[in-house]
Every structure is written in C-alpha cells, then in structure tokens.
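The file work_6.cif contains mmCIF, C-alpha atoms:
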data_input
loop_
_atom_site.group_PDB
_atom_site.id
_atom_site.type_symbol
_atom_site.label_atom_id
_atom_site.label_comp_id
_atom_site.auth_asym_id
_atom_site.auth_seq_id
_atom_site.Cartn_x
_atom_site.Cartn_y
_atom_site.Cartn_z
ATOM 1 C CA MET H 513 -3.608 18.516 -3.361
ATOM 2 C CA ARG H 514 -1.983 15.350 -4.659
ATOM 3 C CA ALA H 515 -2.685 12.070 -2.887
ATOM 4 C CA CYS H 516 -1.144 8.617 -3.016
ATOM 5 C CA VAL H 517 -1.611 5.263 -1.358
ATOM 6 C CA ILE H 518 1.275 3.481 0.310
ATOM 7 C CA ILE H 519 0.711 -0.175 1.157
ATOM 8 C CA PRO H 520 3.140 -1.655 3.700
ATOM 9 C CA ALA H 521 3.952 -5.309 2.981
ATOM 10 C CA ARG H 522 6.260 -7.325 5.195
ATOM 11 C CA TYR H 523 7.098 -10.916 4.340
ATOM 12 C CA LYS H 524 8.415 -12.080 7.724
ATOM 13 C CA SER H 525 5.287 -11.617 9.820
ATOM 14 C CA SER H 526 5.478 -13.508 13.102
ATOM 15 C CA ARG H 527 1.845 -14.660 12.823
ATOM 16 C CA PHE H 528 1.628 -15.395 9.080
ATOM 17 C CA PRO H 529 4.919 -15.328 7.148
ATOM 18 C CA GLY H 530 4.431 -14.609 3.460
ATOM 19 C CA LYS H 531 0.884 -13.280 3.870
ATOM 20 C CA PRO H 532 1.170 -10.579 1.143
ATOM 21 C CA LEU H 533 1.905 -13.296 -1.445
ATOM 22 C CA VAL H 534 -0.919 -15.634 -0.468
ATOM 23 C CA LYS H 535 -3.120 -16.229 -3.492
ATOM 24 C CA LEU H 536 -6.818 -15.462 -3.275
ATOM 25 C CA LEU H 537 -8.790 -16.524 -6.341
ATOM 26 C CA GLY H 538 -5.509 -16.919 -8.228
ATOM 27 C CA LYS H 539 -4.032 -13.505 -7.379
ATOM 28 C CA GLU H 540 -1.700 -12.431 -4.568
ATOM 29 C CA MET H 541 -3.365 -10.520 -1.732
ATOM 30 C CA ILE H 542 -1.010 -7.544 -2.139
ATOM 31 C CA ILE H 543 -2.032 -7.235 -5.798
ATOM 32 C CA TRP H 544 -5.744 -7.276 -4.911
ATOM 33 C CA VAL H 545 -5.105 -4.419 -2.474
ATOM 34 C CA ALA H 546 -2.995 -2.461 -4.984
ATOM 35 C CA GLU H 547 -5.642 -2.853 -7.703
ATOM 36 C CA LEU H 548 -8.430 -1.675 -5.417
ATOM 37 C CA SER H 549 -6.302 1.258 -4.250
ATOM 38 C CA SER H 550 -5.616 2.223 -7.856
ATOM 39 C CA LYS H 551 -9.356 2.602 -8.434
ATOM 40 C CA ALA H 552 -9.232 5.484 -5.967
ATOM 41 C CA VAL H 553 -5.968 7.260 -6.823
ATOM 42 C CA GLY H 554 -4.807 5.793 -10.136
ATOM 43 C CA LYS H 555 -2.145 3.156 -10.691
ATOM 44 C CA ASN H 556 0.711 5.688 -10.852
ATOM 45 C CA ASN H 557 -0.118 6.855 -7.324
ATOM 46 C CA VAL H 558 -0.011 3.454 -5.614
ATOM 47 C CA PHE H 559 3.194 2.300 -3.938
ATOM 48 C CA VAL H 560 3.986 -0.898 -2.065
ATOM 49 C CA ALA H 561 6.545 -0.402 0.699
ATOM 50 C CA THR H 562 8.359 -3.658 1.383
ATOM 51 C CA ASP H 563 11.622 -5.131 2.578
ATOM 52 C CA ASN H 564 11.279 -8.285 0.485
ATOM 53 C CA LEU H 565 12.551 -8.867 -3.054
ATOM 54 C CA GLU H 566 9.876 -11.471 -3.838
ATOM 55 C CA ILE H 567 7.088 -9.033 -2.937
ATOM 56 C CA GLU H 568 8.826 -6.253 -4.865
ATOM 57 C CA SER H 569 9.148 -8.493 -7.926
ATOM 58 C CA LYS H 570 5.456 -9.486 -7.900
ATOM 59 C CA VAL H 571 4.396 -5.851 -7.444
ATOM 60 C CA ILE H 572 6.513 -4.647 -10.370
ATOM 61 C CA GLU H 573 5.460 -7.608 -12.528
ATOM 62 C CA SER H 574 1.848 -6.551 -11.915
ATOM 63 C CA GLY H 575 2.571 -2.999 -13.066
ATOM 64 C CA PHE H 576 2.746 -1.282 -9.683
ATOM 65 C CA LYS H 577 5.556 0.631 -8.002
ATOM 66 C CA SER H 578 7.581 -0.705 -5.110
ATOM 67 C CA ILE H 579 9.725 1.127 -2.590
ATOM 68 C CA MET H 580 12.266 -0.935 -0.683
ATOM 69 C CA THR H 581 12.403 -0.171 3.032
ATOM 70 C CA SER H 582 14.523 -1.432 5.907
ATOM 71 C CA SER H 583 13.731 -4.786 7.470
ATOM 72 C CA ASP H 584 14.401 -3.142 10.848
ATOM 73 C CA LEU H 585 11.143 -1.155 10.773
ATOM 74 C CA LEU H 586 8.750 -2.328 13.480
ATOM 75 C CA THR H 587 5.325 -1.436 12.071
ATOM 76 C CA GLY H 588 3.504 -0.865 8.817
ATOM 77 C CA THR H 589 3.151 2.789 9.754
ATOM 78 C CA ASP H 590 6.940 3.028 10.127
ATOM 79 C CA ARG H 591 7.282 1.445 6.671
ATOM 80 C CA VAL H 592 4.813 3.962 5.164
ATOM 81 C CA ALA H 593 6.657 6.862 6.809
ATOM 82 C CA ALA H 594 10.007 5.634 5.458
ATOM 83 C CA ALA H 595 8.599 5.178 1.945
ATOM 84 C CA SER H 596 7.020 8.634 1.989
ATOM 85 C CA LEU H 597 10.479 10.206 2.245
ATOM 86 C CA ASP H 598 11.084 9.188 -1.395
ATOM 87 C CA LEU H 599 7.811 10.710 -2.615
ATOM 88 C CA ASP H 600 6.338 14.175 -3.143
ATOM 89 C CA TYR H 601 2.636 14.183 -2.309
ATOM 90 C CA ASP H 602 0.407 16.279 -0.092
ATOM 91 C CA ILE H 603 -1.629 13.353 1.246
ATOM 92 C CA TYR H 604 -0.353 9.848 2.028
ATOM 93 C CA VAL H 605 -2.982 7.173 2.639
ATOM 94 C CA ASN H 606 -1.820 4.093 4.543
ATOM 95 C CA VAL H 607 -3.739 1.073 3.238
ATOM 96 C CA GLN H 608 -2.927 -2.199 4.949
ATOM 97 C CA GLY H 609 -1.735 -4.985 2.656
ATOM 98 C CA ASP H 610 -4.182 -7.502 4.100
ATOM 99 C CA GLU H 611 -7.363 -5.679 3.057
ATOM 100 C CA PRO H 612 -8.353 -7.468 -0.168
ATOM 101 C CA LEU H 613 -11.992 -6.413 0.317
ATOM 102 C CA LEU H 614 -11.144 -2.724 0.605
ATOM 103 C CA ASP H 615 -13.698 -0.298 -0.803
ATOM 104 C CA PRO H 616 -11.898 2.323 -2.941
ATOM 105 C CA ASN H 617 -14.576 4.813 -1.882
ATOM 106 C CA ASP H 618 -13.196 4.665 1.661
ATOM 107 C CA ILE H 619 -9.860 5.908 0.342
ATOM 108 C CA LEU H 620 -11.599 8.697 -1.558
ATOM 109 C CA ARG H 621 -13.548 9.714 1.571
ATOM 110 C CA SER H 622 -10.306 9.830 3.582
ATOM 111 C CA ILE H 623 -8.653 12.039 0.979
ATOM 112 C CA LYS H 624 -11.710 14.324 0.803
ATOM 113 C CA LEU H 625 -11.729 14.758 4.590
ATOM 114 C CA LYS H 626 -8.010 15.531 4.674
ATOM 115 C CA LYS H 627 -8.498 18.183 1.987
ATOM 116 C CA GLU H 628 -11.376 19.721 3.964
ATOM 117 C CA PHE H 629 -9.496 19.595 7.258
ATOM 118 C CA PRO H 630 -5.790 19.743 6.365
ATOM 119 C CA SER H 631 -4.545 20.400 9.893
ATOM 120 C CA SER H 632 -6.369 17.412 11.407
#

Could you quickly redo this structure as structure tokens?
Amino acid sequence: MRACVIIPARYKSSRFPGKPLVKLLGKEMIIWVAELSSKAVGKNNVFVATDNLEIESKVIESGFKSIMTSSDLLTGTDRVAAASLDLDYDIYVNVQGDEPLLDPNDILRSIKLKKEFPSS
C-alpha cells in the first residue's frame, strides 16, 4: 500500500496570518514540517496543499511538491481532501503545517496501523 503525507498550509489564518512562512532557526515552518515528513515517506510522497502562491513558491523552491486548493475551504482537513483528488495513493496522512517538532516515527506508526486495520 502506497502512502503519502499531505500538509495543509493556509496563509490567511485569522489567529496568525502567514504562519506557514514564519522562520524558525532560519527556515520556514512549512519546510521544517515537509522535511520531517519526508523522513517517513520520502520527499516524492510529500505534498503541501495551499491556496497561496507565496507558500507554493517556497515549497517548490525547497524541492517539495505543492497542490493549489481553493481559498474557500474551511479547514485543513478539507484542504487535504481536495488535494487528495489529484493523487493516487492508498493512505493519505494529514500532517498539520504547524508541527515543526513532528516525529517522523509517528507518521510511520500511523501508516503501519492503517495497513494492519484498513477498514478503521
């Protein structure tokens, strides 16, 4: 079963506009999350779902894939669902774009559990 990570990243957050592009130790938060996700599923299986050209540009510049989604989507889960329509995987892991301390092993455990219990 093939698995990927989709990271929703919205620029116009009501609480913290521009959060995905905030630099932590010289690197944008969304890139930290993408890099950690790639340790679990490989760089070619990480996608950032966004409605913002600046986020898309930074993601592509950093060697990751971006999928543009509608700005009308209400939640990150909606953004992941919309992005998944353009992809062909068996397992889609939703990793939030504001988790720069993510442990890639948590992604691997999630994938393992889904493979063991595919109908759950």

I'd like the neighbourhood of H:Lys551 as an mmCIF file with C-alpha atoms, keeping the file's coordinate frame, where a residue qualifies if any of its atoms comes within 10 Å (using all atoms listed in the file), though same-chain residues fewer than 4 positions away should be ignored.
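Output file out_14.cif follows:
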data_model
loop_
_atom_site.group_PDB
_atom_site.id
_atom_site.type_symbol
_atom_site.label_atom_id
_atom_site.label_comp_id
_atom_site.auth_asym_id
_atom_site.auth_seq_id
_atom_site.Cartn_x
_atom_site.Cartn_y
_atom_site.Cartn_z
ATOM 1 C CA ALA H 546 -2.995 -2.461 -4.984
ATOM 2 C CA GLU H 547 -5.642 -2.853 -7.703
ATOM 3 C CA LYS H 555 -2.145 3.156 -10.691
ATOM 4 C CA VAL H 558 -0.011 3.454 -5.614
ATOM 5 C CA ASP H 615 -13.698 -0.298 -0.803
ATOM 6 C CA PRO H 616 -11.898 2.323 -2.941
ATOM 7 C CA ASN H 617 -14.576 4.813 -1.882
ATOM 8 C CA ILE H 619 -9.860 5.908 0.342
ATOM 9 C CA LEU H 620 -11.599 8.697 -1.558
#

Enter the distance from atom CA of H:Val605 to atom CA of H:Ala515, in Å, rounded to one decimal. 7.4 Å

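Taking atom CA of H:Ser550 and atom CA of H:Gly530 as endpoints, the distance between them is 22.6 Å.
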
Restricting the calculation to all atoms listed in the file, which member of H:Ala561, H:Glu573, H:Glu540, H:Leu613 is positioned closest to H:Leu597?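 So, comparing all the options, the nearest one is H:Ala561.
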
Which one of H:Asp610, H:Ile572, H:Asp602, H:Leu536 sits closest to H:Ala521 if you count only C-alpha atoms?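 Answer, going by the shortest atom-to-atom distance: H:Asp610.
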
Report as a PyMOL selection string all protein, DNA and RNA residues lying within 12 Å of H:Trp544, evaluated on all atoms listed in the file, omitting residues in the same chain fewer than 5 positions from it. chain H and resi 519+532-539+549-551+560+570-571+574+576+607-616

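Listed by chain and then by number, the residues chosen by the PyMOL selection byres ((chain H and resi 600) around 12) in this file are Met513, Arg514, Ala515, Cys516, Asn557, Ala595, Ser596, Leu597, Asp598, Leu599, Tyr601, Asp602, Ile603 and Tyr604 of chain H.
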
Per residue of stretch 587-631 of chain H within 12 Å of stretch 562-567 of chain H, record the nearest atom pair and its distance in Å to one decimal, counting only C-alpha atoms, with rows in chain order and ascending residue number, as a tab-separated table.
residue	atom	partner	partner_atom	distance
H:Thr587	CA	H:Thr562	CA	11.3
H:Gly588	CA	H:Thr562	CA	9.3
H:Thr589	CA	H:Thr562	CA	11.8
H:Asp590	CA	H:Thr562	CA	11.1
H:Arg591	CA	H:Thr562	CA	7.4
H:Val592	CA	H:Thr562	CA	9.2
H:Ala593	CA	H:Thr562	CA	12.0
H:Ala594	CA	H:Thr562	CA	10.3
H:Ala595	CA	H:Thr562	CA	8.9
H:Gln608	CA	H:Thr562	CA	11.9
H:Gly609	CA	H:Thr562	CA	10.3

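The closest residue to H:Arg522, picked from H:Val553, H:Asp618, H:Ser583, H:Ser632 and counting only C-alpha atoms, is H:Ser583.
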
Between atom CA of H:Leu585 and atom CA of H:Met541, what is the distance, to one decimal in Å?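 Distance between the two atoms: 21.3 Å.
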
Once all heavy atoms are restored for stretch 592-603 of chain H, what would the output be as an mmCIF file, in the frame of the given file?
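Everything below was put into selection-v3.cif:
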data_model
loop_
_atom_site.group_PDB
_atom_site.id
_atom_site.type_symbol
_atom_site.label_atom_id
_atom_site.label_comp_id
_atom_site.auth_asym_id
_atom_site.auth_seq_id
_atom_site.Cartn_x
_atom_site.Cartn_y
_atom_site.Cartn_z
ATOM 1 N N VAL H 592 5.449 2.915 5.968
ATOM 2 C CA VAL H 592 4.813 3.962 5.164
ATOM 3 C C VAL H 592 5.577 5.277 5.328
ATOM 4 O O VAL H 592 5.854 5.974 4.350
ATOM 5 C CB VAL H 592 3.323 4.132 5.542
ATOM 6 C CG1 VAL H 592 2.731 5.388 4.927
ATOM 7 C CG2 VAL H 592 2.535 2.893 5.117
ATOM 8 N N ALA H 593 5.916 5.615 6.556
ATOM 9 C CA ALA H 593 6.657 6.862 6.809
ATOM 10 C C ALA H 593 8.002 6.848 6.090
ATOM 11 O O ALA H 593 8.398 7.845 5.469
ATOM 12 C CB ALA H 593 6.852 7.063 8.311
ATOM 13 N N ALA H 594 8.710 5.739 6.141
ATOM 14 C CA ALA H 594 10.007 5.634 5.458
ATOM 15 C C ALA H 594 9.841 5.768 3.949
ATOM 16 O O ALA H 594 10.607 6.472 3.290
ATOM 17 C CB ALA H 594 10.678 4.308 5.814
ATOM 18 N N ALA H 595 8.834 5.105 3.393
ATOM 19 C CA ALA H 595 8.599 5.178 1.945
ATOM 20 C C ALA H 595 8.210 6.582 1.515
ATOM 21 O O ALA H 595 8.585 7.035 0.431
ATOM 22 C CB ALA H 595 7.519 4.181 1.539
ATOM 23 N N SER H 596 7.487 7.286 2.353
ATOM 24 C CA SER H 596 7.020 8.634 1.989
ATOM 25 C C SER H 596 8.175 9.609 1.794
ATOM 26 O O SER H 596 8.029 10.602 1.076
ATOM 27 C CB SER H 596 6.048 9.173 3.043
ATOM 28 O OG SER H 596 6.730 9.537 4.234
ATOM 29 N N LEU H 597 9.317 9.319 2.382
ATOM 30 C CA LEU H 597 10.479 10.206 2.245
ATOM 31 C C LEU H 597 10.979 10.265 0.802
ATOM 32 O O LEU H 597 11.641 11.228 0.423
ATOM 33 C CB LEU H 597 11.601 9.756 3.179
ATOM 34 C CG LEU H 597 11.275 9.788 4.673
ATOM 35 C CD1 LEU H 597 12.421 9.194 5.478
ATOM 36 C CD2 LEU H 597 10.939 11.195 5.132
ATOM 37 N N ASP H 598 10.657 9.245 0.005
ATOM 38 C CA ASP H 598 11.084 9.188 -1.395
ATOM 39 C C ASP H 598 10.032 9.753 -2.345
ATOM 40 O O ASP H 598 10.213 9.704 -3.563
ATOM 41 C CB ASP H 598 11.375 7.739 -1.808
ATOM 42 C CG ASP H 598 12.584 7.155 -1.107
ATOM 43 O OD1 ASP H 598 13.458 7.937 -0.684
ATOM 44 O OD2 ASP H 598 12.646 5.924 -0.972
ATOM 45 N N LEU H 599 8.935 10.266 -1.791
ATOM 46 C CA LEU H 599 7.811 10.710 -2.615
ATOM 47 C C LEU H 599 7.481 12.172 -2.355
ATOM 48 O O LEU H 599 7.876 12.726 -1.335
ATOM 49 C CB LEU H 599 6.578 9.844 -2.315
ATOM 50 C CG LEU H 599 6.757 8.341 -2.539
ATOM 51 C CD1 LEU H 599 5.532 7.590 -2.010
ATOM 52 C CD2 LEU H 599 6.989 8.047 -3.999
ATOM 53 N N ASP H 600 6.733 12.772 -3.279
ATOM 54 C CA ASP H 600 6.338 14.175 -3.143
ATOM 55 C C ASP H 600 4.828 14.303 -3.352
ATOM 56 O O ASP H 600 4.370 14.563 -4.468
ATOM 57 C CB ASP H 600 7.105 15.033 -4.150
ATOM 58 C CG ASP H 600 6.813 16.520 -3.988
ATOM 59 O OD1 ASP H 600 6.434 16.942 -2.877
ATOM 60 O OD2 ASP H 600 6.948 17.257 -4.979
ATOM 61 N N TYR H 601 4.084 14.059 -2.290
ATOM 62 C CA TYR H 601 2.636 14.183 -2.309
ATOM 63 C C TYR H 601 2.198 15.047 -1.141
ATOM 64 O O TYR H 601 2.962 15.266 -0.193
ATOM 65 C CB TYR H 601 1.975 12.799 -2.190
ATOM 66 C CG TYR H 601 2.069 11.979 -3.457
ATOM 67 C CD1 TYR H 601 3.183 11.187 -3.720
ATOM 68 C CD2 TYR H 601 1.044 11.997 -4.396
ATOM 69 C CE1 TYR H 601 3.278 10.436 -4.882
ATOM 70 C CE2 TYR H 601 1.131 11.251 -5.560
ATOM 71 C CZ TYR H 601 2.241 10.472 -5.793
ATOM 72 O OH TYR H 601 2.324 9.743 -6.945
ATOM 73 N N ASP H 602 0.971 15.507 -1.190
ATOM 74 C CA ASP H 602 0.407 16.279 -0.092
ATOM 75 C C ASP H 602 -0.296 15.379 0.912
ATOM 76 O O ASP H 602 -0.348 15.677 2.101
ATOM 77 C CB ASP H 602 -0.597 17.309 -0.638
ATOM 78 C CG ASP H 602 0.046 18.239 -1.651
ATOM 79 O OD1 ASP H 602 1.019 18.923 -1.290
ATOM 80 O OD2 ASP H 602 -0.406 18.249 -2.808
ATOM 81 N N ILE H 603 -0.872 14.279 0.410
ATOM 82 C CA ILE H 603 -1.629 13.353 1.246
ATOM 83 C C ILE H 603 -1.117 11.935 0.998
ATOM 84 O O ILE H 603 -1.020 11.504 -0.153
ATOM 85 C CB ILE H 603 -3.137 13.434 0.930
ATOM 86 C CG1 ILE H 603 -3.660 14.850 1.204
ATOM 87 C CG2 ILE H 603 -3.920 12.397 1.732
ATOM 88 C CD1 ILE H 603 -5.085 15.083 0.722
#
